[in-house]
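S.K.: mmCIF, C-alpha atoms, file structure.cif:
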```
data_final
#
loop_
_atom_site.label_atom_id
_atom_site.label_comp_id
_atom_site.auth_asym_id
_atom_site.auth_seq_id
_atom_site.Cartn_x
_atom_site.Cartn_y
_atom_site.Cartn_z
CA MET A 10 66.88 169.64 -19.10
CA ALA A 11 66.79 166.61 -16.84
CA VAL A 12 67.95 163.20 -18.05
CA GLU A 13 66.48 159.98 -16.70
CA LYS A 14 67.07 156.36 -17.67
CA VAL A 15 64.95 153.52 -16.33
CA VAL A 16 66.21 149.93 -16.16
CA PRO A 17 63.53 147.29 -15.50
CA ILE A 18 64.39 144.62 -12.95
CA PRO A 19 63.71 141.10 -14.32
CA SER A 20 61.78 138.60 -12.20
CA GLY A 21 63.99 136.60 -9.88
CA VAL A 22 66.56 139.40 -9.55
CA SER A 23 67.07 141.52 -6.44
CA VAL A 24 68.83 144.87 -6.63
CA THR A 25 70.12 146.66 -3.53
CA MET A 26 72.29 149.69 -2.92
CA GLU A 27 74.86 149.83 -0.09
CA GLY A 28 76.36 153.30 -0.07
CA THR A 29 77.50 153.79 -3.67
CA VAL A 30 77.82 150.07 -4.49
CA LEU A 31 75.03 148.45 -6.52
CA ASN A 32 74.43 144.76 -5.68
CA VAL A 33 72.55 142.54 -8.14
CA LYS A 34 71.61 138.97 -7.17
CA GLY A 35 70.10 136.39 -9.48
CA SER A 36 69.93 132.68 -10.17
CA LYS A 37 73.47 132.50 -11.61
CA GLY A 38 75.22 134.54 -8.92
CA GLU A 39 75.86 138.00 -7.51
CA LEU A 40 77.58 141.06 -9.00
CA GLN A 41 78.72 144.29 -7.35
CA ARG A 42 79.77 147.57 -8.93
CA ASP A 43 80.54 151.04 -7.62
CA MET A 44 78.04 153.39 -9.28
CA TRP A 45 79.19 156.72 -7.84
CA PHE A 46 79.31 159.75 -10.13
CA PRO A 47 78.80 163.38 -9.01
CA GLY A 48 75.39 164.79 -9.87
CA ILE A 49 73.67 161.46 -10.58
CA ASN A 50 70.96 160.08 -8.30
CA ILE A 51 70.08 156.37 -8.29
CA THR A 52 66.76 155.20 -6.87
CA ILE A 53 65.68 151.58 -6.65
CA GLY A 54 61.97 150.86 -6.90
CA SER A 55 60.11 147.56 -6.69
CA GLU A 56 60.22 146.95 -10.46
CA ASP A 57 62.93 149.25 -11.82
CA VAL A 58 66.12 151.20 -11.16
CA ARG A 59 66.13 154.90 -12.09
CA PHE A 60 69.22 156.93 -12.96
CA PHE A 61 68.53 160.68 -12.86
CA THR A 62 70.40 163.97 -13.17
CA LYS A 63 69.40 167.62 -13.37
CA SER A 64 72.75 168.64 -14.79
CA GLU A 65 73.07 169.81 -18.39
CA LYS A 66 76.76 168.97 -18.72
CA LYS A 67 77.53 166.46 -21.46
CA ALA A 68 79.83 164.37 -19.25
CA VAL A 69 77.14 163.94 -16.61
CA THR A 70 74.24 163.28 -19.01
CA SER A 71 76.21 160.68 -20.95
CA MET A 72 77.26 158.97 -17.72
CA VAL A 73 73.57 158.45 -16.86
CA GLY A 74 73.28 156.17 -19.90
CA THR A 75 76.56 154.44 -19.08
CA LEU A 76 75.51 153.60 -15.52
CA ALA A 77 72.10 152.42 -16.77
CA SER A 78 73.83 150.13 -19.29
CA HIS A 79 76.07 148.71 -16.55
CA CYS A 80 73.00 147.95 -14.43
CA SER A 81 71.19 146.34 -17.38
CA ASN A 82 74.25 144.19 -18.18
CA MET A 83 74.48 143.10 -14.54
CA CYS A 84 70.80 142.05 -14.56
CA THR A 85 71.32 140.07 -17.79
CA GLY A 86 74.48 138.47 -16.42
CA VAL A 87 72.92 137.14 -13.21
CA THR A 88 69.92 135.71 -15.08
CA LEU A 89 71.35 134.43 -18.39
CA GLY A 90 75.14 134.81 -18.30
CA TYR A 91 77.46 135.67 -21.19
CA LEU A 92 79.11 133.39 -23.73
CA TYR A 93 81.91 134.11 -26.21
CA SER A 94 82.67 131.49 -28.87
CA MET A 95 86.18 131.50 -30.30
CA LYS A 96 87.68 129.53 -33.18
CA VAL A 97 91.21 128.14 -33.31
CA VAL A 98 92.65 128.68 -36.79
CA TYR A 99 95.95 127.22 -37.99
CA SER A 100 97.36 126.15 -41.33
CA HIS A 101 101.07 125.76 -40.69
CA PHE A 102 101.55 124.31 -37.19
CA PRO A 103 98.85 122.64 -35.07
CA ILE A 104 98.10 124.76 -32.01
CA GLN A 105 97.71 122.99 -28.67
CA ILE A 106 95.66 124.70 -25.97
CA LYS A 107 95.07 123.86 -22.30
CA VAL A 108 93.84 125.66 -19.21
CA VAL A 109 96.41 125.82 -16.41
CA GLY A 110 95.02 127.49 -13.29
CA ASP A 111 94.00 131.03 -14.20
CA THR A 112 95.86 131.10 -17.53
CA LEU A 113 95.34 129.59 -20.97
CA GLU A 114 98.52 128.02 -22.31
CA ILE A 115 98.98 128.14 -26.10
CA VAL A 116 101.71 125.77 -27.31
CA ASN A 117 103.28 125.42 -30.79
CA PHE A 118 101.82 128.67 -32.11
CA LEU A 119 103.56 129.23 -35.47
CA GLY A 120 106.08 126.55 -34.42
CA GLU A 121 107.44 128.63 -31.55
CA LYS A 122 109.39 126.77 -28.89
CA HIS A 123 108.05 128.78 -25.95
CA PRO A 124 104.34 128.73 -25.06
CA ARG A 125 102.20 131.85 -25.02
CA TYR A 126 99.87 132.62 -22.13
CA ALA A 127 96.52 134.41 -21.86
CA ARG A 128 95.16 135.53 -18.49
CA ILE A 129 91.72 134.28 -17.44
CA LEU A 130 89.98 136.85 -15.24
CA PRO A 131 88.20 135.74 -12.04
CA GLY A 132 84.59 134.63 -12.41
CA THR A 133 85.01 133.39 -15.98
CA SER A 134 85.39 129.82 -17.15
CA VAL A 135 87.18 128.72 -20.30
CA LYS A 136 86.40 125.42 -22.01
CA VAL A 137 88.68 124.10 -24.72
CA GLY A 138 87.46 121.87 -27.56
CA SER A 139 89.36 120.47 -30.53
CA ASP A 140 89.24 123.67 -32.57
CA GLU A 141 87.08 125.93 -30.41
CA VAL A 142 87.27 127.82 -27.14
CA THR A 143 84.25 129.01 -25.17
CA VAL A 144 84.46 131.72 -22.51
CA THR A 145 81.49 131.98 -20.12
CA GLY A 146 80.63 134.00 -17.02
CA ILE A 147 78.17 136.42 -15.47
CA ASN A 148 80.30 139.59 -15.64
CA LYS A 149 80.20 140.93 -19.21
CA GLU A 150 83.35 143.01 -18.72
CA PHE A 151 85.42 140.09 -17.44
CA VAL A 152 84.18 137.65 -20.10
CA GLY A 153 84.97 140.13 -22.89
CA SER A 154 88.38 140.96 -21.44
CA THR A 155 89.29 137.28 -21.12
CA ALA A 156 88.34 136.68 -24.76
CA ALA A 157 90.38 139.73 -25.77
CA ASN A 158 93.38 138.42 -23.77
CA ILE A 159 93.19 135.11 -25.65
CA GLU A 160 92.93 136.88 -29.01
CA ARG A 161 95.82 139.21 -28.13
CA ALA A 162 98.05 136.31 -27.05
CA THR A 163 97.99 134.92 -30.59
CA ARG A 164 98.72 138.20 -32.35
CA ILE A 165 101.06 137.81 -35.33
CA ARG A 166 104.17 139.98 -35.41
CA LYS A 167 106.94 140.23 -38.02
CA ARG A 168 105.02 138.12 -40.54
CA ASP A 169 102.52 138.89 -43.28
CA PRO A 170 99.03 138.52 -41.69
CA ARG A 171 97.52 137.74 -45.11
CA VAL A 172 99.65 134.60 -45.33
CA PHE A 173 99.86 133.64 -41.64
CA GLN A 174 96.22 133.77 -40.54
CA ASP A 175 96.83 131.48 -37.57
CA GLY A 176 95.34 132.45 -34.23
CA ILE A 177 92.32 132.25 -31.95
CA TYR A 178 89.52 134.57 -33.01
CA ILE A 179 86.14 135.61 -31.55
CA VAL A 180 83.40 134.15 -33.76
CA ALA A 181 80.21 134.85 -31.79
CA ARG A 182 79.18 136.52 -28.56
CA GLY A 183 75.95 136.83 -26.64
CA GLU A 184 73.95 135.39 -23.77
CA GLN A 185 74.13 131.73 -22.78
#
```
Do you think you could lay out the structure here as structure tokens?
M.R.:
Amino acid sequence: MAVEKVVPIPSGVSVTMEGTVLNVKGSKGELQRDMWFPGINITIGSEDVRFFTKSEKKAVTSMVGTLASHCSNMCTGVTLGYLYSMKVVYSHFPIQIKVVGDTLEIVNFLGEKHPRYARILPGTSVKVGSDEVTVTGINKEFVGSTAANIERATRIRKRDPRVFQDGIYIVARGEQ
């Protein structure tokens, strides 16, 4: 039982393999990822990338789909990019947000004296509006992790979350 997944290469995207590192270049930028896994062969054609294994082990066959998904996400990222929309919600104390270097500073959350910080991963950009935050980038993993860092920074502790619904929450996600 051989497992094979085929990922089509969109027009305007070039995919190359250097050792075990897959390089994807497109109009928005370039992404690299180590795609090594024992028992999986990766071949790059003119129009598609093929992930193939002859193994019948569950761990290897499932990893074929995982690597194919990573490649597909990289192709989408360098052509379209990813966008996460977040909403700032407060009812008790107005939250003030600003980007400082590679961190997002959240001031006056629940009336706290000390600011909270969320890490912005490299390759992602964060734009702050009056009551919205948008996280954009070409690496799906980094954009999602940055949005999760922002959401986690405003987690409520030691209060009833049904009453104190303040925070910054992911509202929508997708391509730009």
S.K.: Using only C-alpha atoms, determine which residues lie at most 6 Å from Thr112 in chain A, disregarding the query and same-chain residues fewer than 4 positions distant; provide the list as an NGL selection string.
M.R.: :A and (127-129)
S.K.: Emit the selected residues as a PDB file, in the frame of the given file, including C-alpha atoms.
M.R.:
```pdb
ATOM      1  CA  ALA A 127      96.520 134.410 -21.860  1.00  0.00           C
ATOM      2  CA  ARG A 128      95.160 135.530 -18.490  1.00  0.00           C
ATOM      3  CA  ILE A 129      91.720 134.280 -17.440  1.00  0.00           C
TER       4      ILE A 129
END
```
S.K.: List as an NGL selection string the protein and nucleic acid residues near range 79-92 of chain A, meaning an atom at most 6 Å away when all atoms listed in the file are counted, but skip any in the same chain fewer than 2 places from it.
M.R.: :A and (35-38 or 76-77 or 144-148 or 182-185)
S.K.: For Thr62 in chain A, which residue out of A:Val116, A:Ile18, A:Ala11, A:Val137 is the nearest one, using all atoms listed in the file?
M.R.: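 For Thr62 in chain A, the nearest of the candidates is A:Ala11.
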S.K.: Can you tell me which residues surround Ala156 in chain A at a distance of at most 8 Å, considering all atoms listed in the file, apart from same-chain residues fewer than 5 positions away, and format the answer as a VMD selection string?
M.R.: chain A and resid 93 95 144 179
S.K.: Once the PyMOL selection byres ((chain A and resi 34) around 7) has been evaluated on this model, what residues remain selected, and can you format them as a PyMOL selection string?
M.R.: chain A and resi 22-24+32-33+35+38-40+87
S.K.: Assuming the chain letters and numbering stay as they are in my file, what does the PyMOL selection byres ((chain A and resi 15) around 8) actually select? List them as a list in words.
M.R.: Glu13, Lys14, Val16, Pro17, Asp57, Val58, Arg59, Phe60 and Ala77 of chain A
S.K.: Quick one: residues within 12 Å of (94.4, 139.3, -25.0) (file frame), counting only C-alpha atoms, please, as a list in words.
M.R.: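 These residues have at least one counted atom within 12 Å: Thr112, Leu113, Arg125, Tyr126, Ala127, Arg128, Ile129, Leu130, Phe151, Val152, Gly153, Ser154, Thr155, Ala156, Ala157, Asn158, Ile159, Glu160, Arg161, Ala162, Thr163, Arg164, Gly176, Ile177, Tyr178 and Ile179 of chain A.
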S.K.: Quick one: pull the distance between CA of Glu141 in chain A and CA of Gly120 in chain A, Å, one decimal.
M.R.: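 Result for CA of Glu141 in chain A versus CA of Gly120 in chain A: 19.4 Å, one decimal.
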S.K.: Compute the distance from (98.7, 133.4, -40.2) to each atom, counting all atoms listed in the file, keep the residues with any atom at most 12 Å away, and return them as a list in words; use the coordinates of the file.
M.R.: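 Residues found, by chain and rising number: Val97, Val98, Tyr99, Ser100, His101, Phe102, Pro103, Ile104, Phe118, Leu119, Gly120, Thr163, Arg164, Ile165, Arg166, Lys167, Arg168, Asp169, Pro170, Arg171, Val172, Phe173, Gln174, Asp175, Gly176, Ile177 and Tyr178 of chain A.
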S.K.: Which value, in Å to one decimal, gives the distance between CA of Asn50 in chain A and CA of Lys67 in chain A?
M.R.: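 If I compute the distance from CA of Asn50 in chain A to CA of Lys67 in chain A, I get 16.0 Å.
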S.K.: Which one is closest to Met26 in chain A: A:Pro124, A:Gly132, A:Gly74, A:Gly54? Count all atoms listed in the file.
M.R.: A:Gly54
S.K.: For Val12 in chain A, which residue among A:Gly138, A:Gly110, A:Pro131, A:Gly48 is the nearest when counting only C-alpha atoms?
M.R.: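 Closest residue, counting only C-alpha atoms: A:Gly48.
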S.K.: Report, in Å with one decimal, the straight-line distance from CA of Trp45 in chain A to CA of Val30 in chain A.
M.R.: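 According to the coordinates, CA of Trp45 in chain A and CA of Val30 in chain A are separated by 7.6 Å.
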S.K.: Which one is closest to Val142 in chain A: A:Lys96, A:His123, A:Lys107, A:Lys66? Count all atoms listed in the file.
M.R.: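 Nearest to Val142 in chain A: A:Lys96.
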S.K.: A:Met10, A:Ala181, A:Ile51, A:Ile106: which is nearest Ser64 in chain A, counting all atoms listed in the file?
M.R.: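 Among the listed residues, the smallest separation from Ser64 in chain A belongs to A:Met10.
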S.K.: What would range 70-85 of chain A look like with N, CA and C atoms restored, written as a PDB file, in the frame of the given file?
M.R.:
```
ATOM      1  N   THR A  70      75.396 163.878 -18.329  1.00  0.00           N
ATOM      2  CA  THR A  70      74.240 163.280 -19.010  1.00  0.00           C
ATOM      3  C   THR A  70      74.600 161.989 -19.728  1.00  0.00           C
ATOM      4  N   SER A  71      75.800 161.919 -20.288  1.00  0.00           N
ATOM      5  CA  SER A  71      76.210 160.680 -20.950  1.00  0.00           C
ATOM      6  C   SER A  71      76.512 159.585 -19.939  1.00  0.00           C
ATOM      7  N   MET A  72      76.964 159.963 -18.748  1.00  0.00           N
ATOM      8  CA  MET A  72      77.260 158.970 -17.720  1.00  0.00           C
ATOM      9  C   MET A  72      75.986 158.333 -17.170  1.00  0.00           C
ATOM     10  N   VAL A  73      74.855 159.033 -17.267  1.00  0.00           N
ATOM     11  CA  VAL A  73      73.570 158.450 -16.860  1.00  0.00           C
ATOM     12  C   VAL A  73      73.292 157.206 -17.701  1.00  0.00           C
ATOM     13  N   GLY A  74      73.474 157.308 -19.007  1.00  0.00           N
ATOM     14  CA  GLY A  74      73.280 156.170 -19.900  1.00  0.00           C
ATOM     15  C   GLY A  74      74.287 155.060 -19.661  1.00  0.00           C
ATOM     16  N   THR A  75      75.519 155.429 -19.350  1.00  0.00           N
ATOM     17  CA  THR A  75      76.560 154.440 -19.080  1.00  0.00           C
ATOM     18  C   THR A  75      76.236 153.626 -17.833  1.00  0.00           C
ATOM     19  N   LEU A  76      75.854 154.306 -16.753  1.00  0.00           N
ATOM     20  CA  LEU A  76      75.510 153.600 -15.520  1.00  0.00           C
ATOM     21  C   LEU A  76      74.272 152.738 -15.709  1.00  0.00           C
ATOM     22  N   ALA A  77      73.297 153.216 -16.486  1.00  0.00           N
ATOM     23  CA  ALA A  77      72.100 152.420 -16.770  1.00  0.00           C
ATOM     24  C   ALA A  77      72.460 151.168 -17.565  1.00  0.00           C
ATOM     25  N   SER A  78      73.389 151.294 -18.517  1.00  0.00           N
ATOM     26  CA  SER A  78      73.830 150.130 -19.290  1.00  0.00           C
ATOM     27  C   SER A  78      74.550 149.129 -18.408  1.00  0.00           C
ATOM     28  N   HIS A  79      75.389 149.607 -17.479  1.00  0.00           N
ATOM     29  CA  HIS A  79      76.070 148.710 -16.550  1.00  0.00           C
ATOM     30  C   HIS A  79      75.049 147.924 -15.722  1.00  0.00           C
ATOM     31  N   CYS A  80      74.031 148.603 -15.232  1.00  0.00           N
ATOM     32  CA  CYS A  80      73.000 147.950 -14.430  1.00  0.00           C
ATOM     33  C   CYS A  80      72.242 146.918 -15.260  1.00  0.00           C
ATOM     34  N   SER A  81      71.899 147.269 -16.487  1.00  0.00           N
ATOM     35  CA  SER A  81      71.190 146.340 -17.380  1.00  0.00           C
ATOM     36  C   SER A  81      72.044 145.105 -17.673  1.00  0.00           C
ATOM     37  N   ASN A  82      73.338 145.311 -17.928  1.00  0.00           N
ATOM     38  CA  ASN A  82      74.250 144.190 -18.180  1.00  0.00           C
ATOM     39  C   ASN A  82      74.398 143.298 -16.961  1.00  0.00           C
ATOM     40  N   MET A  83      74.388 143.890 -15.765  1.00  0.00           N
ATOM     41  CA  MET A  83      74.480 143.100 -14.540  1.00  0.00           C
ATOM     42  C   MET A  83      73.230 142.243 -14.371  1.00  0.00           C
ATOM     43  N   CYS A  84      72.061 142.811 -14.665  1.00  0.00           N
ATOM     44  CA  CYS A  84      70.800 142.050 -14.560  1.00  0.00           C
ATOM     45  C   CYS A  84      70.788 140.900 -15.567  1.00  0.00           C
ATOM     46  N   THR A  85      71.260 141.137 -16.782  1.00  0.00           N
ATOM     47  CA  THR A  85      71.320 140.070 -17.790  1.00  0.00           C
ATOM     48  C   THR A  85      72.328 139.007 -17.381  1.00  0.00           C
TER      49      THR A  85
END
```
